[in-house]
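A short write-up of the structure that comes next.
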Amino acid sequence: MARKDVQRQLREQFIEENGIICLDNVSKAYSTGSPALNNVSLTIKPGEFVFIVGNSGSGKSTLIKLLLRELTASSGSVYVMGHDLSKIPRRKIPQFRRNLGVVFQDFRLLKDRNVFENVAFAQRVIQVPAKEIQRNVPAILSTVGLAGKYKSKPRQLSGGEQQRVALARALVNKPSILLADEPTGNLDPTNTWEIMNLLEEINANGTTVLVVTHNSEVVNAMQKRVITLKKGVIVSDEEEGGYIDED
Ligand code: ADP
Ligand code: MG
């Protein structure tokens with residue numbers, strides 16, 4: 001067997017045993033202040049839908065950044081899709097990130113490009129042939145309910161629509177994992193539910209979904225696994241959990 005195939009098989013075996021996301025005693029300290037994450041261990045299986053909740057400053061975004069390999073752990077190990085992230089060489093990080101879709105509270109769209117171009121951009125950077133882009137982008141835009149808006153610029157869209165564009169961009173390369181850091185933080189309740197329903201649908205199609213949120217109503221209604229962080233420590237991890245109101 002070729003070395004690449006052996007490595008892939010080992011990763012698949014690791015995922016089966018340890019999850020698609022695995023933190024083993026992870027701490028992250030910034031240069032100032034107390035550690036943002038303190039001895040965090042967790043396992044997320046392929047296909048799970050998980051909420052990460054906790055007060056502002058509890059370490060949620062730090063966790064997301066570790067998974068994206070934007071940051072490295074101060075101690076402990078972070079594994080994503082069977083990769084030990086401390087062992088991925090810098091030049092291979094872009095390739096690693098292709099399997100991760102990510103959305104943020106502030107959408108982060110290209111303001112001078114239209115909807116089609118914003119989504120197509122994600123495909124162009126990984127050199128998907130133009131013909132396939134012409135097929136894939138409209139397909140994913142109709143999944144998020146924006147097929148008719150492909151020519152619009154971000155400023156011509158509502159917040160909810162802009163987040164759906166960001167979601168389409170995150171999904172067009174068919175990632176195994178979708179990470180969402182407060183994706184509905186800037187949205188009204190109607191748009192919040194539209195985004196959450198889409199996330200649930202994406203998860204039903206097999207993508208592992210991790211959602212950081214402050215929205216207790218959504219968390220309580222959706223009955224998913226809920227991991228609660230407090231000052232960098234996991235204080236609860238419950239299947240079909242609810243939002244624990246902290247002080
Ligand atoms: P959350 O997303 O839950 O609000 P963060 O992960 O952003 O929390 O932050 C966790 C802690 O780490 C906070 O105390 C925050 O002030 C600190 N922190 C975050 N980013 C940095 C940074 N770049 N430099 C120093 N401290 C940081
Ligand atoms: Mg945050």
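Every chain in the structure tokens has a letter given in the order shown (A, B, ...), and although residue numbers restart at 1 in each chain, ligands are simply numbered from 1 in the order shown.
Considering only C-alpha atoms and all ligand atoms, every residue of the polymer chains approaching ligand 1 to 6 Å or closer is listed here: Tyr30, Thr32, Ala36, Ser56, Gly57, Ser58, Gly59, Lys60, Ser61 and Thr62 of chain A.
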Distance table requested - stretch 7-123 of chain A against stretch 187-191 of chain A, cut-off 12 Å, only C-alpha atoms: one row per qualifying residue with the closest atom pair and its distance in Å to one decimal, ordered by chain and rising residue number, as CSV.
residue,atom,partner,partner_atom,distance
A:Phe104,CA,A:Leu187,CA,11.9
A:Gln105,CA,A:Leu187,CA,8.9
A:Asp106,CA,A:Leu187,CA,10.1
A:Phe107,CA,A:Leu187,CA,10.9
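Candidate residues A:Thr143, A:Ser216, A:Gln162, A:Gln13 were compared for distance to A:Ile202, and the nearest is A:Thr143, using only C-alpha atoms.
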Spatial neighbours of A:Glu200, max dist 9 Å, only C-alpha atoms, sep filter under 5 positions, as a PyMOL selection string: chain A and resi 49+195+205+209
Can you work out which one of A:Lys65, A:Arg108, A:Lys149, A:Lys45 has the shortest atom-to-atom distance to ligand 2, counting only C-alpha atoms and all ligand atoms? A:Lys65
I'd like the interatomic distance between atom CA of A:Glu238 and atom CA of A:Leu171, to a tenth of an Å. 27.1 Å
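Note that the spacing between atom CA of A:Gly242 and atom CA of A:Gly82 amounts to 29.4 Å.
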